[in-house]
Structures are given as C-alpha cells and as structure tokens.
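Containing compact mmCIF, C-alpha atoms: work-v3.txt.
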```txt
# COMPACT_ATOMS: atom_id res chain seq x y z
CA MET A 26 -37.74 104.34 -21.90
CA ASN A 27 -37.20 104.63 -25.66
CA GLU A 28 -39.46 106.46 -28.06
CA LEU A 29 -41.03 103.35 -29.58
CA ASN A 30 -42.25 102.34 -26.14
CA LEU A 31 -43.79 105.77 -25.49
CA PHE A 32 -45.51 105.61 -28.85
CA SER A 33 -46.94 102.18 -28.09
CA ILE A 34 -48.26 103.45 -24.74
CA PHE A 35 -49.99 106.26 -26.59
CA ILE A 36 -51.53 103.97 -29.22
CA SER A 37 -52.59 101.38 -26.69
CA GLY A 38 -54.30 104.02 -24.57
CA MET A 39 -56.09 105.38 -27.60
CA ILE A 40 -57.19 102.17 -29.37
CA ILE A 41 -56.28 98.84 -27.75
CA ASN A 42 -57.18 99.83 -24.20
CA ASN A 43 -59.86 102.32 -25.17
CA ILE A 44 -61.46 103.36 -21.90
CA VAL A 45 -65.02 103.53 -23.22
CA LEU A 46 -65.15 100.49 -25.50
CA ILE A 47 -62.89 98.04 -23.65
CA TRP A 48 -62.80 99.14 -20.01
CA PHE A 49 -66.27 100.70 -19.67
CA ILE A 50 -64.89 103.63 -17.71
CA GLY A 51 -66.50 107.04 -17.90
CA LEU A 52 -69.76 105.78 -19.33
CA CYS A 53 -72.03 107.94 -17.22
CA SER A 54 -70.84 111.23 -18.63
CA PHE A 55 -70.39 109.58 -22.02
CA LEU A 56 -74.06 108.61 -22.28
CA ARG A 57 -75.33 111.85 -20.75
CA VAL A 58 -73.31 114.30 -22.80
CA SER A 59 -73.31 112.54 -26.18
CA VAL A 60 -76.78 113.93 -26.91
CA SER A 61 -75.32 116.93 -28.71
CA LEU A 62 -72.15 117.43 -30.75
CA GLU A 63 -71.26 120.71 -29.09
CA ALA A 64 -71.44 119.33 -25.57
CA SER A 65 -69.52 116.20 -26.61
CA THR A 66 -66.69 118.24 -28.08
CA GLY A 67 -66.43 120.39 -24.99
CA MET A 68 -66.54 117.41 -22.65
CA GLY A 69 -63.98 115.52 -24.76
CA ILE A 70 -61.52 118.40 -24.69
CA ALA A 71 -62.05 118.92 -20.95
CA ILE A 72 -61.40 115.24 -20.28
CA ILE A 73 -58.24 115.16 -22.43
CA PHE A 74 -56.97 118.16 -20.51
CA VAL A 75 -57.84 116.78 -17.07
CA THR A 76 -56.52 113.23 -17.65
CA THR A 77 -53.25 114.50 -19.11
CA ILE A 78 -52.48 116.90 -16.29
CA SER A 79 -53.78 114.72 -13.47
CA SER A 80 -51.84 111.66 -14.67
CA ALA A 81 -48.65 113.65 -14.39
CA VAL A 82 -49.65 115.13 -11.03
CA SER A 83 -50.62 111.69 -9.68
CA TRP A 84 -47.27 110.26 -10.76
CA ILE A 85 -45.38 113.00 -8.95
CA VAL A 86 -47.53 112.65 -5.84
CA TYR A 87 -47.20 108.86 -5.80
CA ASN A 88 -43.45 108.70 -6.36
CA TYR A 89 -42.31 111.68 -4.31
CA LEU A 90 -44.94 111.96 -1.58
CA LEU A 91 -46.46 108.54 -0.90
CA LYS A 92 -43.70 106.06 -1.73
CA PRO A 93 -40.90 107.57 0.42
CA TYR A 94 -43.15 107.44 3.50
CA ASN A 95 -44.77 104.04 2.79
CA LEU A 96 -48.19 105.63 2.43
CA GLU A 97 -49.25 103.67 -0.66
CA PHE A 98 -52.48 102.58 1.04
CA LEU A 99 -53.66 106.21 0.94
CA LYS A 100 -53.37 106.40 -2.83
CA ILE A 101 -57.11 106.31 -3.58
CA ILE A 102 -57.85 109.17 -1.20
CA VAL A 103 -54.91 111.32 -2.30
CA PHE A 104 -55.36 110.78 -6.05
CA VAL A 105 -59.07 111.48 -5.92
CA LEU A 106 -58.59 114.57 -3.77
CA PHE A 107 -55.95 116.02 -6.10
CA ILE A 108 -58.07 115.32 -9.16
CA ALA A 109 -61.18 116.82 -7.51
CA LEU A 110 -59.31 120.01 -6.63
CA PHE A 111 -57.94 120.23 -10.15
CA ILE A 112 -61.39 119.67 -11.67
CA GLN A 113 -62.79 122.49 -9.56
CA LEU A 114 -60.15 124.78 -11.00
CA VAL A 115 -61.04 123.66 -14.54
CA ALA A 116 -64.76 124.05 -13.86
CA ARG A 117 -64.23 127.56 -12.53
CA PHE A 118 -62.16 128.41 -15.59
CA ILE A 119 -64.83 127.04 -17.96
CA LYS A 120 -67.62 128.81 -16.12
CA LYS A 121 -65.82 132.11 -16.50
CA ASN A 122 -64.62 131.77 -20.10
CA ILE A 123 -67.03 129.39 -21.88
CA PRO A 124 -70.33 129.81 -20.02
CA GLY A 125 -72.38 127.83 -22.59
CA LEU A 126 -70.62 124.52 -21.92
CA ILE A 127 -71.65 124.11 -18.29
CA LYS A 128 -75.27 124.69 -19.16
CA SER A 129 -75.26 122.18 -22.00
CA SER A 130 -73.50 119.41 -20.08
CA GLY A 131 -75.56 119.60 -16.89
CA ASN A 132 -72.85 119.85 -14.30
CA MET B 122 -92.06 112.16 2.48
CA ASN B 123 -92.01 109.30 4.95
CA ARG B 124 -89.00 107.10 5.65
CA PHE B 125 -90.30 103.99 3.92
CA ARG B 126 -90.88 105.94 0.70
CA ILE B 127 -87.30 107.29 0.82
CA PHE B 128 -85.98 103.75 1.16
CA THR B 129 -88.06 102.21 -1.65
CA ASN B 130 -87.45 105.20 -3.93
CA GLY B 131 -84.00 103.87 -4.84
CA LEU B 132 -85.23 100.34 -5.36
CA LEU B 133 -87.84 101.05 -8.01
CA LYS B 134 -89.14 104.52 -8.74
CA GLU B 135 -85.80 106.30 -9.01
CA ASN B 136 -83.58 103.28 -9.53
CA PRO B 137 -80.05 104.67 -10.01
CA VAL B 138 -79.34 102.47 -13.02
CA LEU B 139 -82.61 102.11 -14.87
CA VAL B 140 -84.02 105.59 -14.35
CA LEU B 141 -81.10 107.91 -13.61
CA ALA B 142 -78.59 106.00 -15.83
CA THR B 143 -75.74 106.41 -13.34
CA GLY B 144 -73.12 103.92 -12.17
CA LEU B 145 -72.85 102.23 -15.53
CA CYS B 146 -69.09 101.63 -15.54
CA PRO B 147 -68.97 98.95 -12.84
CA LEU B 148 -72.37 97.65 -13.89
CA LEU B 149 -71.22 96.79 -17.40
CA ALA B 150 -67.65 95.82 -16.63
CA VAL B 151 -68.01 93.61 -13.59
CA SER B 152 -71.23 91.77 -14.49
CA VAL B 153 -69.49 88.92 -16.33
CA THR B 154 -70.31 86.40 -13.60
CA ALA B 155 -73.02 86.45 -10.94
CA ILE B 156 -70.62 86.15 -8.01
CA ASN B 157 -68.50 89.11 -9.14
CA ALA B 158 -71.67 91.12 -9.67
CA LEU B 159 -72.97 90.25 -6.21
CA CYS B 160 -69.74 91.28 -4.48
CA MET B 161 -69.42 94.50 -6.48
CA GLY B 162 -73.04 95.36 -5.62
CA ILE B 163 -72.49 94.72 -1.91
CA ALA B 164 -69.27 96.77 -1.86
CA THR B 165 -70.92 99.71 -3.65
CA ALA B 166 -74.01 99.60 -1.42
CA LEU B 167 -71.87 99.60 1.74
CA VAL B 168 -69.73 102.51 0.62
CA LEU B 169 -72.83 104.45 -0.49
CA ALA B 170 -74.74 103.92 2.77
CA PHE B 171 -71.78 104.82 4.99
CA SER B 172 -70.68 107.86 3.00
CA SER B 173 -74.24 109.23 2.70
CA THR B 174 -74.55 108.99 6.49
CA THR B 175 -71.17 110.59 7.16
CA ILE B 176 -71.67 113.42 4.70
CA SER B 177 -75.09 114.12 6.15
CA ILE B 178 -73.55 114.34 9.64
CA LEU B 179 -70.91 116.76 8.30
CA ARG B 180 -73.30 118.84 6.19
CA ARG B 181 -73.62 121.78 8.61
CA LEU B 182 -69.85 121.98 9.11
CA THR B 183 -69.01 121.97 5.39
CA PRO B 184 -68.66 125.32 3.64
CA GLU B 185 -70.36 125.53 0.24
CA GLN B 186 -67.13 125.70 -1.79
CA LEU B 187 -65.54 122.73 -0.05
CA ARG B 188 -68.38 120.29 -0.72
CA LEU B 189 -66.70 118.38 -3.54
CA PRO B 190 -63.33 117.89 -1.79
CA VAL B 191 -65.02 116.90 1.48
CA SER B 192 -67.36 114.37 -0.11
CA VAL B 193 -64.51 112.99 -2.21
CA VAL B 194 -62.35 112.44 0.87
CA VAL B 195 -65.21 110.77 2.78
CA ILE B 196 -66.15 108.47 -0.12
CA SER B 197 -62.58 107.48 -0.89
CA THR B 198 -61.92 106.74 2.78
CA PHE B 199 -64.72 104.19 2.82
CA THR B 200 -63.56 102.87 -0.54
CA THR B 201 -60.05 102.36 0.85
CA ILE B 202 -61.50 100.44 3.81
CA VAL B 203 -63.52 98.18 1.50
CA ASP B 204 -60.52 97.74 -0.80
CA LEU B 205 -58.16 96.74 2.01
CA VAL B 206 -60.69 94.42 3.69
CA MET B 207 -61.42 92.75 0.37
CA SER B 208 -57.75 92.25 -0.50
CA ALA B 209 -57.11 90.77 2.96
CA TYR B 210 -60.06 88.37 3.21
CA PHE B 211 -61.13 87.71 -0.40
CA PRO B 212 -57.92 87.98 -2.47
CA VAL B 213 -59.24 85.97 -5.44
CA LEU B 214 -62.31 88.14 -5.73
CA HIS B 215 -60.26 91.30 -5.27
CA ARG B 216 -58.11 90.29 -8.22
CA ALA B 217 -61.19 89.51 -10.35
CA LEU B 218 -62.78 92.91 -9.67
CA GLY B 219 -59.44 94.64 -10.26
CA ILE B 220 -59.51 98.37 -10.91
CA PHE B 221 -63.25 98.59 -10.24
CA VAL B 222 -62.87 98.43 -6.46
CA PRO B 223 -60.83 101.66 -6.25
CA LEU B 224 -63.17 103.12 -8.85
CA ILE B 225 -66.04 102.95 -6.34
CA ALA B 226 -64.52 106.21 -5.06
CA VAL B 227 -65.64 108.01 -8.21
CA ASN B 228 -68.86 106.10 -8.77
CA CYS B 229 -71.53 108.32 -10.33
CA ILE B 230 -74.31 106.94 -8.10
CA ILE B 231 -72.43 107.83 -4.92
CA MET B 232 -71.44 111.30 -6.17
CA ASN B 233 -75.01 111.94 -7.28
CA ARG B 234 -76.65 110.82 -4.03
CA THR B 235 -74.28 112.68 -1.74
CA GLU B 236 -74.61 115.85 -3.81
CA VAL B 237 -78.38 115.68 -4.39
CA PHE B 238 -79.62 114.05 -1.20
CA ALA B 239 -77.13 113.80 1.68
CA TYR B 240 -76.21 117.50 1.71
CA ARG B 241 -79.87 118.52 2.01
CA ASN B 242 -81.44 115.96 4.33
CA LYS B 243 -81.35 114.57 7.85
CA VAL B 244 -78.91 111.85 8.86
CA LEU B 245 -81.38 108.97 9.10
CA ASP B 246 -83.07 109.93 5.82
CA SER B 247 -79.70 110.05 4.06
CA MET B 248 -78.74 106.67 5.44
CA LEU B 249 -81.99 105.12 4.18
CA ASP B 250 -81.60 106.81 0.81
CA GLY B 251 -78.04 105.51 0.50
CA LEU B 252 -79.08 102.02 1.49
CA GLY B 253 -82.07 102.02 -0.88
CA MET B 254 -80.04 103.31 -3.83
CA GLY B 255 -77.27 100.83 -3.03
CA LEU B 256 -79.70 97.93 -2.93
CA GLY B 257 -81.27 99.15 -6.18
CA PHE B 258 -77.84 98.97 -7.80
CA LEU B 259 -77.13 95.57 -6.23
CA PHE B 260 -80.43 94.26 -7.56
CA ILE B 261 -79.77 95.35 -11.15
CA ILE B 262 -76.11 94.28 -11.28
CA LEU B 263 -77.11 90.87 -9.90
CA ILE B 264 -79.80 90.44 -12.56
CA ILE B 265 -77.41 91.42 -15.36
CA GLY B 266 -74.62 89.28 -13.90
CA SER B 267 -76.78 86.16 -13.64
CA LEU B 268 -78.23 86.77 -17.09
CA ARG B 269 -74.83 87.15 -18.72
CA GLU B 270 -73.26 84.21 -16.90
CA ARG B 271 -76.26 81.98 -17.58
CA SER B 272 -76.59 82.77 -21.28
CA GLY B 273 -72.94 83.35 -22.14
CA ASN B 274 -71.22 80.67 -20.12
CA GLY B 275 -74.01 78.22 -19.30
CA THR B 276 -73.37 78.41 -15.55
CA PHE B 277 -75.09 80.05 -12.60
CA PHE B 278 -72.94 80.95 -9.56
CA SER B 279 -70.34 78.61 -11.12
CA SER B 280 -72.63 75.55 -11.02
CA SER B 281 -73.15 74.16 -14.48
CA GLN B 282 -76.63 74.52 -15.93
CA PHE B 283 -75.82 73.93 -19.53
CA ILE B 284 -78.74 73.87 -21.95
CA GLY B 285 -78.11 74.31 -25.68
CA TYR B 286 -75.28 76.48 -27.00
CA PRO B 287 -73.99 79.35 -24.87
CA ALA B 288 -74.03 82.73 -26.66
CA ILE B 289 -70.40 83.75 -26.10
CA ILE B 290 -71.17 87.36 -27.04
CA MET B 291 -73.00 87.74 -23.72
CA VAL B 292 -69.79 87.44 -21.68
CA LEU B 293 -67.92 89.78 -24.04
CA PRO B 294 -68.27 93.58 -23.71
CA PRO B 295 -71.17 93.93 -26.21
CA GLY B 296 -73.26 91.48 -24.19
CA ALA B 297 -73.28 93.89 -21.26
CA PHE B 298 -74.78 96.63 -23.43
CA ILE B 299 -77.34 94.23 -24.90
CA ALA B 300 -78.47 92.99 -21.47
CA LEU B 301 -78.65 96.52 -20.04
CA GLY B 302 -80.57 97.75 -23.09
CA PHE B 303 -83.23 95.08 -22.71
CA LEU B 304 -83.53 95.71 -18.98
CA MET B 305 -83.86 99.48 -19.46
CA GLY B 306 -86.44 98.93 -22.18
CA LEU B 307 -88.42 96.65 -19.90
CA ALA B 308 -88.35 99.23 -17.09
CA GLN B 309 -89.44 101.99 -19.49
CA TRP B 310 -92.32 99.86 -20.81
CA PHE B 311 -93.40 99.09 -17.25
CA ARG B 312 -93.36 102.77 -16.27
CA ASN B 313 -95.27 103.83 -19.38
CA ARG B 314 -97.92 101.22 -18.65
CA GLN B 315 -98.27 102.50 -15.09
CA VAL B 316 -98.73 106.05 -16.36
CA THR B 317 -101.41 105.08 -18.88
CA ASP B 318 -103.17 103.01 -16.20
CA ARG B 319 -103.37 106.06 -14.01
CA HIS B 320 -104.79 108.20 -16.81
CA GLU B 321 -107.56 105.81 -17.70
```

structure tokens encoding of this file:
Amino acid sequence: MNELNLFSIFISGMIINNIVLIWFIGLCSFLRVSVSLEASTGMGIAIIFVTTISSAVSWIVYNYLLKPYNLEFLKIIVFVLFIALFIQLVARFIKKNIPGLIKSSGN
Amino acid sequence: MNRFRIFTNGLLKENPVLVLATGLCPLLAVSVTAINALCMGIATALVLAFSSTTISILRRLTPEQLRLPVSVVVISTFTTIVDLVMSAYFPVLHRALGIFVPLIAVNCIIMNRTEVFAYRNKVLDSMLDGLGMGLGFLFIILIIGSLRERSGNGTFFSSSQFIGYPAIIMVLPPGAFIALGFLMGLAQWFRNRQVTDRHE
C-alpha cells in the first residue's frame, strides 16, 4: 500500500467517516462525558490510545489466529474480549496515575 | 420490589433510552425505516434478556476482577448467535443493519444492565429486568423508526402513505437527533408533570 492510500485512510477516518457524526458510534460516552472540557479531553485521549492499539491487535489476532484455523465466526467474541482486557489495563493505569479522570467520567 | 415492578421499570420509569440515555448508537443509526428499527429492537432485546439471565446464573462463580471479561464473553456469544441466525435466515435485513448487529456486543444498555442489575440480583429478577429494558428499547426505536420513515420518506413499513412533501432531513443523520430530542423532551415534560402532581 502506498503512502497516498494510507493518508486517505487517515483522513477518511477523521472526517469523511467520522464515527460520531456519520456512523453514530460511541454516542453514549460522548453525550455523558461532554459535560466538562477536562473529562472530554481525558476521554478523547483514552479513546485515541485504545482504538489505535486495539485496531493493530485485532488485525494480528484476525490474520494470524482466526484466519488460519477458519475461526472467522468467532471474531466478535475474540475482538471484544481482547479489547475488554486491554481497556482494563488502561483503566488500571489511569486509576493509578491520573485519579481525577475516573471520578469525573463516571466509570 | 416485586417482579412486576422490575419488569415495568425498564418500560417507563427507568427507560434505558429516555431516562438513562444509553444505547443511542443503534437507536440513531438504524432507525431510518420502521422495519429495520423493529428488527434491531428485537435482536437487542433478545441478547439483553439472555445475557442478563446467564450472567445472573454465573454471578456467584465470577471473581470480582473477572466481571468485565466474563460479561463481555457472554454478551458477545449471544450476539454471535443472533448475527449468524440473521445472516442465514434474513440476509437482506442483515445487510441493511450492517455493522450494528455485531455492535450489539458492546451496547451500552446491555453493559449497564449486566453490571448494575444482573450481578446483584436473582436469576428470575435479572431475566425480567433484561426483558423489560429490552422491550423499553424496542418501543422507543420503533417509535423513532416509524416517525422518521413516515415523515422523511412518506411510507410506513414500506407501504406508501404519502401526504404532502416528505422532509428528507428526517431520514438523514440530523433527523435522528431531532426525533430523539423531541421524544426525550416529551418524556421529561411528562415526568415533571407527574412530580408536580404528586406535590400538590
């Protein structure tokens, strides 16, 4: 894949296929947390971090674990489980290092 | 709290959409037509009822730290079942709902109910709570779906009922927010009126 294509994926994810405005995904936390600027910033950074890492992890899991064994039908369970485990790590990290954020964003 | 109250709690008093403001992603995205809304509502309600029951059965066996992974695995198992059944028997509908069928696995309503209710209550109570909350969601998504299809496209369950000009904005993304806003406002007004009635 050339660089122009990677750039267009990035732009399309950011603007053309914006998850909140076009796809309506992630609205629950969006509406809850956007009450205060501080909580929104924290939540935004946490989500950037989690989506970036878990996209890469999901790709590896899908292509090297599920596809070779024809287990594609398990993808929902496996993706969600990996992401949940990763989020617990992030939540533990935040709780330890930035204790204010958890309190301001509810859970 | 008796069983009937637990069941009706999700329908009106603690409606997951209007009061708790959860489960908004599928609600806004899938409610373009009434039939899509109906099927999405049924799928969500089924997954919610079954996973609440299962998690409540497993609640004594689950260690505190493993709650999130366990509930996630249970919910996504039921989601996978619904996804596969839907793609086998209703392929057209499955294509129309698209990404939002797998996304039932991370639906806020289901996460909220399993975490808040199913881990702390008996099996039958959890099942009724799941069913009530699921039907509450079904009810609202059906109202918004019919409203948007009727006013934006001039049809109702695909049968033409065309009167005047359709407001195309209602089938576009902003229409979903407009319809939900009015519905939430109505619910808030109704609740406020009940409260003042009780005070007088």

key: Interface, chain A side, toward chain B (10 Å; only C-alpha atoms) as a count of residues only   = 27

For CA of Val213 (chain B) and CA of Phe277 (chain B), the interatomic separation in Å (one decimal) = 18.4 Å

query = Just how far from CA of Leu114 (chain A) is CA of Asn43 (chain A), in Å to one decimal?
reply = 26.6 Å

ask   = Quick one, how far is CA of Ser247 (chain B) from CA of Leu133 (chain B)?
value =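 Answer for the CA of Ser247 (chain B) to CA of Leu133 (chain B) separation: 17.1 Å.
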
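Counting all atoms listed in the file and comparing B:Leu218, B:Ile299, B:Ala288, B:Leu245, the residue that lies closest to Thr154 (chain B) is B:Leu218.
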
Could you produce a table of the residues of region 237-295 of chain B lying within 10 Å of region 168-177 of chain B, with the nearest pair of atoms per residue and their separation in Å rounded to one decimal, using only C-alpha atoms, ordered by chain and increasing residue number, as JSON lines?
```
{"residue": "B:Phe238", "atom": "CA", "partner": "B:Ser173", "partner_atom": "CA", "distance": 8.2}
{"residue": "B:Ala239", "atom": "CA", "partner": "B:Ser177", "partner_atom": "CA", "distance": 4.9}
{"residue": "B:Tyr240", "atom": "CA", "partner": "B:Ser177", "partner_atom": "CA", "distance": 5.7}
{"residue": "B:Arg241", "atom": "CA", "partner": "B:Ser177", "partner_atom": "CA", "distance": 7.7}
{"residue": "B:Asn242", "atom": "CA", "partner": "B:Ser177", "partner_atom": "CA", "distance": 6.9}
{"residue": "B:Lys243", "atom": "CA", "partner": "B:Ser177", "partner_atom": "CA", "distance": 6.5}
{"residue": "B:Val244", "atom": "CA", "partner": "B:Ser177", "partner_atom": "CA", "distance": 5.2}
{"residue": "B:Leu245", "atom": "CA", "partner": "B:Thr174", "partner_atom": "CA", "distance": 7.3}
{"residue": "B:Asp246", "atom": "CA", "partner": "B:Thr174", "partner_atom": "CA", "distance": 8.6}
{"residue": "B:Ser247", "atom": "CA", "partner": "B:Ser173", "partner_atom": "CA", "distance": 5.7}
{"residue": "B:Met248", "atom": "CA", "partner": "B:Thr174", "partner_atom": "CA", "distance": 4.9}
{"residue": "B:Leu249", "atom": "CA", "partner": "B:Ala170", "partner_atom": "CA", "distance": 7.5}
{"residue": "B:Asp250", "atom": "CA", "partner": "B:Ala170", "partner_atom": "CA", "distance": 7.7}
{"residue": "B:Gly251", "atom": "CA", "partner": "B:Ala170", "partner_atom": "CA", "distance": 4.3}
{"residue": "B:Leu252", "atom": "CA", "partner": "B:Ala170", "partner_atom": "CA", "distance": 4.9}
{"residue": "B:Gly253", "atom": "CA", "partner": "B:Ala170", "partner_atom": "CA", "distance": 8.4}
{"residue": "B:Met254", "atom": "CA", "partner": "B:Leu169", "partner_atom": "CA", "distance": 8.0}
{"residue": "B:Gly255", "atom": "CA", "partner": "B:Leu169", "partner_atom": "CA", "distance": 6.3}
{"residue": "B:Leu256", "atom": "CA", "partner": "B:Ala170", "partner_atom": "CA", "distance": 9.6}
```

Shell of 9 Å around Ser65 (chain A), only C-alpha atoms, local chain residues under 5 positions omitted, as an NGL selection string = :A and (55 or 58-60 or 70 or 130)
